[in-house]
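Shown below: structure-v2.tsv, with TSV, C-alpha atoms.
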chain	number	residue	atom	x	y	z
A	1	PHE	CA	0.00	0.00	0.00
A	2	ALA	CA	1.38	3.36	-1.03
A	3	ARG	CA	2.64	6.07	1.26
A	4	THR	CA	3.52	9.20	-0.69
A	5	ILE	CA	6.06	12.01	-0.57
A	6	ALA	CA	6.57	14.92	-2.98
A	7	ARG	CA	10.01	16.53	-3.18
A	8	GLU	CA	11.47	19.04	-5.58
A	9	LEU	CA	14.52	21.17	-6.13
A	10	ALA	CA	14.80	24.02	-3.65
A	11	PRO	CA	14.56	27.38	-5.37
A	12	THR	CA	17.72	29.47	-5.47
A	13	ASN	CA	15.99	32.10	-3.36
A	14	GLY	CA	14.32	29.93	-0.74
A	15	GLY	CA	14.21	26.72	1.20
A	16	GLN	CA	11.97	24.41	3.18
A	17	ALA	CA	10.88	27.21	5.54
A	18	ASP	CA	9.31	29.00	2.57
A	19	PHE	CA	7.05	26.04	1.84
A	20	ASP	CA	6.02	24.10	4.91
A	21	PRO	CA	8.61	24.07	7.71
A	22	GLU	CA	6.87	21.08	9.32
A	23	LEU	CA	7.72	18.99	6.25
A	24	GLY	CA	11.46	19.53	6.68
A	25	MET	CA	11.66	15.95	7.92
A	26	GLY	CA	8.69	14.79	5.84
A	27	THR	CA	10.37	11.71	4.42
A	28	GLN	CA	11.55	10.69	7.87
A	29	LEU	CA	8.05	11.26	9.30
A	30	VAL	CA	6.54	9.02	6.64
A	31	ILE	CA	9.13	6.30	7.20
A	32	ASP	CA	8.64	6.37	10.98
A	33	SER	CA	4.85	6.11	10.58
A	34	CYS	CA	4.92	3.21	8.11
A	35	GLY	CA	3.88	-0.30	8.91
A	36	PRO	CA	4.38	-3.69	7.32
A	37	ASP	CA	3.65	-4.13	3.61
A	38	GLU	CA	3.70	-0.44	2.76
A	39	VAL	CA	5.56	1.00	-0.22
A	40	ILE	CA	6.99	4.49	-0.11
A	41	VAL	CA	6.48	6.42	-3.35
A	42	ILE	CA	8.58	9.56	-3.75
A	43	SER	CA	7.78	12.01	-6.51
A	44	ALA	CA	10.97	13.85	-7.38
A	45	ARG	CA	9.29	16.26	-9.82
A	46	GLY	CA	12.08	16.17	-12.36
A	47	ASN	CA	15.04	16.12	-9.97
A	48	SER	CA	17.78	13.82	-11.15
A	49	GLU	CA	20.67	15.57	-9.38
A	50	PHE	CA	20.19	14.91	-5.69
A	51	ALA	CA	19.25	11.67	-3.96
A	52	VAL	CA	15.80	11.36	-2.42
A	53	TRP	CA	16.71	8.06	-0.69
A	54	GLY	CA	19.76	6.59	1.01
A	55	ASP	CA	20.94	3.86	3.34
A	56	ASN	CA	19.80	5.43	6.63
A	57	MET	CA	16.28	5.83	5.30
A	58	ALA	CA	16.35	2.28	3.94
A	59	THR	CA	17.58	0.88	7.24
A	60	ARG	CA	14.71	2.45	9.19
A	61	ALA	CA	12.12	1.65	6.51
A	62	TYR	CA	13.15	-1.99	6.45
A	63	ALA	CA	12.98	-2.14	10.25
A	64	VAL	CA	9.34	-1.00	10.26
A	65	GLY	CA	8.35	-3.43	7.50
A	66	VAL	CA	8.32	-1.26	4.39
A	67	ARG	CA	8.33	-3.50	1.30
A	68	ALA	CA	9.97	-1.12	-1.16
A	69	VAL	CA	10.61	2.43	-2.21
A	70	VAL	CA	9.63	3.70	-5.65
A	71	THR	CA	10.84	7.01	-7.01
A	72	ASP	CA	11.16	8.74	-10.34
A	73	GLY	CA	14.15	10.48	-8.78
A	74	VAL	CA	17.60	9.21	-7.95
A	75	ILE	CA	18.97	7.43	-4.89
A	76	ARG	CA	22.34	7.02	-3.25
A	77	ASP	CA	24.00	4.18	-1.34
A	78	VAL	CA	22.67	1.71	-3.89
A	79	ASP	CA	25.32	-0.89	-3.00
A	80	GLU	CA	23.98	-1.01	0.55
A	81	MET	CA	20.33	-1.60	-0.39
A	82	ASP	CA	20.70	-5.36	-0.95
A	83	GLY	CA	22.52	-5.78	2.36
A	84	ILE	CA	19.74	-3.90	4.14
A	85	GLY	CA	17.10	-5.95	2.35
A	86	MET	CA	15.39	-2.93	0.81
A	87	THR	CA	13.89	-3.21	-2.66
A	88	VAL	CA	14.24	0.02	-4.61
A	89	PHE	CA	12.88	1.12	-7.97
A	90	ALA	CA	14.47	4.42	-8.96
A	91	GLY	CA	15.18	6.60	-11.94
A	92	GLY	CA	18.92	6.36	-11.31
A	93	THR	CA	21.68	6.86	-8.80
A	94	THR	CA	23.89	9.68	-7.60
A	95	PRO	CA	26.36	10.22	-4.78
A	96	ARG	CA	24.93	13.70	-4.14
A	97	GLN	CA	22.96	14.27	-0.93
A	98	ALA	CA	19.73	16.27	-0.96
A	99	PHE	CA	20.21	18.13	2.33
A	100	LYS	CA	19.13	21.76	1.76
A	101	ARG	CA	18.96	21.11	-1.98
A	102	LEU	CA	15.45	19.67	-2.07
A	103	VAL	CA	12.24	20.70	-0.36
A	104	THR	CA	9.37	18.45	0.64
A	105	THR	CA	6.08	19.84	-0.61
A	106	ALA	CA	3.65	17.11	0.46
A	107	ILE	CA	3.38	13.88	2.42
A	108	ASN	CA	0.52	11.39	2.31
A	109	GLU	CA	-1.21	13.26	-0.50
A	110	PRO	CA	-1.67	12.28	-4.16
A	111	VAL	CA	1.59	12.61	-6.12
A	112	VAL	CA	2.69	12.07	-9.69
A	113	ALA	CA	5.72	9.82	-10.00
A	114	GLY	CA	6.98	8.79	-13.40
A	115	GLY	CA	3.88	10.28	-14.99
A	116	VAL	CA	1.54	8.13	-12.87
A	117	LEU	CA	-0.88	9.39	-10.24
A	118	VAL	CA	-0.35	7.59	-6.93
A	119	ARG	CA	-2.65	8.14	-3.96
A	120	PRO	CA	-1.95	7.09	-0.39
A	121	GLY	CA	-3.40	3.60	0.03
A	122	ASP	CA	-3.12	2.67	-3.66
A	123	ILE	CA	-1.70	-0.76	-4.30
A	124	VAL	CA	1.78	-0.65	-5.80
A	125	VAL	CA	3.08	-3.69	-7.65
A	126	ALA	CA	6.60	-3.77	-9.07
A	127	ASP	CA	9.03	-6.18	-10.64
A	128	GLY	CA	11.85	-6.10	-13.16
A	129	ASP	CA	9.44	-5.04	-15.90
A	130	GLY	CA	8.22	-1.93	-14.13
A	131	VAL	CA	5.92	-0.44	-11.53
A	132	ILE	CA	2.14	-0.02	-11.53
A	133	SER	CA	-0.22	1.70	-9.15
A	134	ILE	CA	-3.75	0.41	-8.73
A	135	ALA	CA	-6.41	2.56	-7.15
A	136	ALA	CA	-7.60	0.75	-4.02
A	137	ALA	CA	-11.21	1.07	-5.21
A	138	ARG	CA	-10.38	-0.97	-8.34
A	139	ALA	CA	-8.27	-3.65	-6.66
A	140	GLU	CA	-10.78	-6.51	-6.97
A	141	GLU	CA	-11.54	-5.72	-10.61
A	142	VAL	CA	-7.85	-5.52	-11.53
A	143	LEU	CA	-7.04	-8.71	-9.62
A	144	ALA	CA	-9.78	-10.65	-11.44
A	145	ARG	CA	-8.51	-9.44	-14.81
A	146	ALA	CA	-4.89	-10.25	-13.90
A	147	GLU	CA	-5.85	-13.76	-12.78
A	148	ALA	CA	-7.71	-14.34	-16.06
A	149	ILE	CA	-4.69	-13.19	-18.08
A	150	HIS	CA	-2.38	-15.37	-15.99
A	151	ALA	CA	-4.59	-18.42	-16.59
A	152	VAL	CA	-4.46	-17.89	-20.38
A	153	GLU	CA	-0.68	-17.34	-20.27
A	154	THR	CA	-0.22	-20.56	-18.26
A	155	GLU	CA	-2.26	-22.54	-20.81
A	156	MET	CA	-0.37	-20.94	-23.68
A	157	HIS	CA	2.98	-21.79	-22.11
A	158	ALA	CA	1.96	-25.46	-21.69
A	159	PHE	CA	0.73	-25.48	-25.30
A	160	LEU	CA	4.15	-24.24	-26.47
A	161	VAL	CA	6.09	-26.68	-24.25
A	162	ALA	CA	4.00	-29.50	-25.71
A	163	GLY	CA	5.61	-28.73	-29.09
A	164	ASN	CA	3.06	-26.46	-30.71
A	165	GLY	CA	4.21	-23.52	-32.76
A	166	LEU	CA	4.14	-19.90	-31.67
A	167	VAL	CA	1.82	-18.85	-34.51
A	168	ALA	CA	-0.68	-21.53	-33.48
A	169	ALA	CA	-0.40	-20.49	-29.84
A	170	ILE	CA	-1.01	-16.86	-30.62
A	171	GLN	CA	-3.98	-17.72	-32.83
A	172	LYS	CA	-5.45	-19.95	-30.12
A	173	TYR	CA	-4.79	-17.87	-27.02
A	174	LYS	CA	-4.39	-14.27	-28.07
A	175	GLN	CA	-7.69	-13.79	-29.88
A	176	ARG	CA	-8.66	-10.17	-29.48

What is this structure when it is put down as structure tokens?
Amino acid sequence: FARTIARELAPTNGGQADFDPELGMGTQLVIDSCGPDEVIVISARGNSEFAVWGDNMATRAYAVGVRAVVTDGVIRDVDEMDGIGMTVFAGGTTPRQAFKRLVTTAINEPVVAGGVLVRPGDIVVADGDGVISIAAARAEEVLARAEAIHAVETEMHAFLVAGNGLVAAIQKYKQR
């Protein structure tokens, strides 16, 4: 289940105090308030210079049961993530810290990350192919559709393993 954070580059003429001073530790507040099976989604709003996530955050997040962090921004300490046990999906990496370079503009509000709207409580599913966000209200509908697709794919795979050709499999199972 998604927990959300919005961060962006600090303006040259201002800082966190000019936005919402209480969000100065917004990411840390979200991490500390997370529970098991939550996924932290950080919208970086175009920032690819400064890390929105690092090993200290990952250590605490893992300790409270966070499943993963997803960001369209960049992270640091990537070599440590596996050792911590934290799964991370990010737009890239950097050694550059964000302290006083980014401001937090929202926590636990809808954010756009990677061009996708993510609301707190949405279901986030990710693997090596990518990340999706499913509105909680549509979870049952999406699950039923996914199970139906999986059943067809399983049958198709068995059909192929049995020696049938790919053209025949597509014609049999991928009718649109």

- Message: Using all atoms listed in the file, can you tell me which of A:Leu29, A:Val74, A:Val131, A:Arg101 comes closest to Asn13 of chain A?
- Response: A:Arg101

- Query: Got a sec: who's within 12 Å of Ser33 of chain A, counting all atoms listed in the file, leaving out chain neighbours fewer than 3 positions off, as a ChimeraX atom specification?
  - Reply: /A:3-4,26-30,36,38-40,60-61,63-66,107-108

Might you pull out every residue within 12 Å of Asp82 of chain A, with only C-alpha atoms counted and same-chain residues fewer than 2 positions away left off, and present them as a compact mmCIF listing (two decimals) with C-alpha atoms, in the coordinates of the input?
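Contents of out23.txt, as written:
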# COMPACT_ATOMS: atom_id res chain seq x y z
CA ASP A 55 20.94 3.86 3.34
CA ALA A 58 16.35 2.28 3.94
CA THR A 59 17.58 0.88 7.24
CA TYR A 62 13.15 -1.99 6.45
CA ALA A 68 9.97 -1.12 -1.16
CA ASP A 77 24.00 4.18 -1.34
CA VAL A 78 22.67 1.71 -3.89
CA ASP A 79 25.32 -0.89 -3.00
CA GLU A 80 23.98 -1.01 0.55
CA ILE A 84 19.74 -3.90 4.14
CA GLY A 85 17.10 -5.95 2.35
CA MET A 86 15.39 -2.93 0.81
CA THR A 87 13.89 -3.21 -2.66
CA VAL A 88 14.24 0.02 -4.61

- Query: atom CA of Leu23 of chain A to atom CA of Pro120 of chain A: how many Å, to one decimal?
  - Reply: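 So the two atoms, atom CA of Leu23 of chain A and atom CA of Pro120 of chain A, lie 16.7 Å apart.
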
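The shortest atom-to-atom distance to Val124 of chain A, with only C-alpha atoms taken into account, belongs to A:Val41 out of A:Pro11, A:Glu155, A:Val41, A:Gly165.
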
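For the set A:Phe1, A:Tyr173, A:Phe159, A:Phe50, the residue with the smallest atom-to-atom gap to Gly92 of chain A is A:Phe50, counting all atoms listed in the file.
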
- Task: Find, counting only C-alpha atoms, the residue in A:Gly46, A:Gly15, A:Gly54, A:Gly128 that gets nearest to Val69 of chain A.
- Result: A:Gly54

- Task: Work out how far apart atom CA of Val52 of chain A and atom CA of Asp129 of chain A are and give it in Å to one decimal.
- Result: 22.2 Å

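Closest approach to Ile42 of chain A among A:Pro110, A:Gly73, A:Gly24, A:Gly91 is made by A:Gly73 (distances from all atoms listed in the file).
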
- Query: What separation in Å, quoted to one decimal, exists between atom CA of Lys100 of chain A and atom CA of Thr71 of chain A?
  - Reply: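 Distance reported for this atom pair: 19.1 Å.
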
Assuming 8 Å of padding per side, give the centre and edge lengths of the axis-aligned box around every listed atom of segment 54-60 of chain A, in Å to one decimal and as lines of an AutoDock Vina configuration file.
center_x = 17.8
center_y = 3.7
center_z = 5.1
size_x = 22.2
size_y = 21.7
size_z = 24.2

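Comparing the minimum interatomic distances between Ala98 of chain A and each of A:Ala162, A:Ala151, A:Ala146, A:Ala51, counting only C-alpha atoms, we find that A:Ala51 sits nearest.
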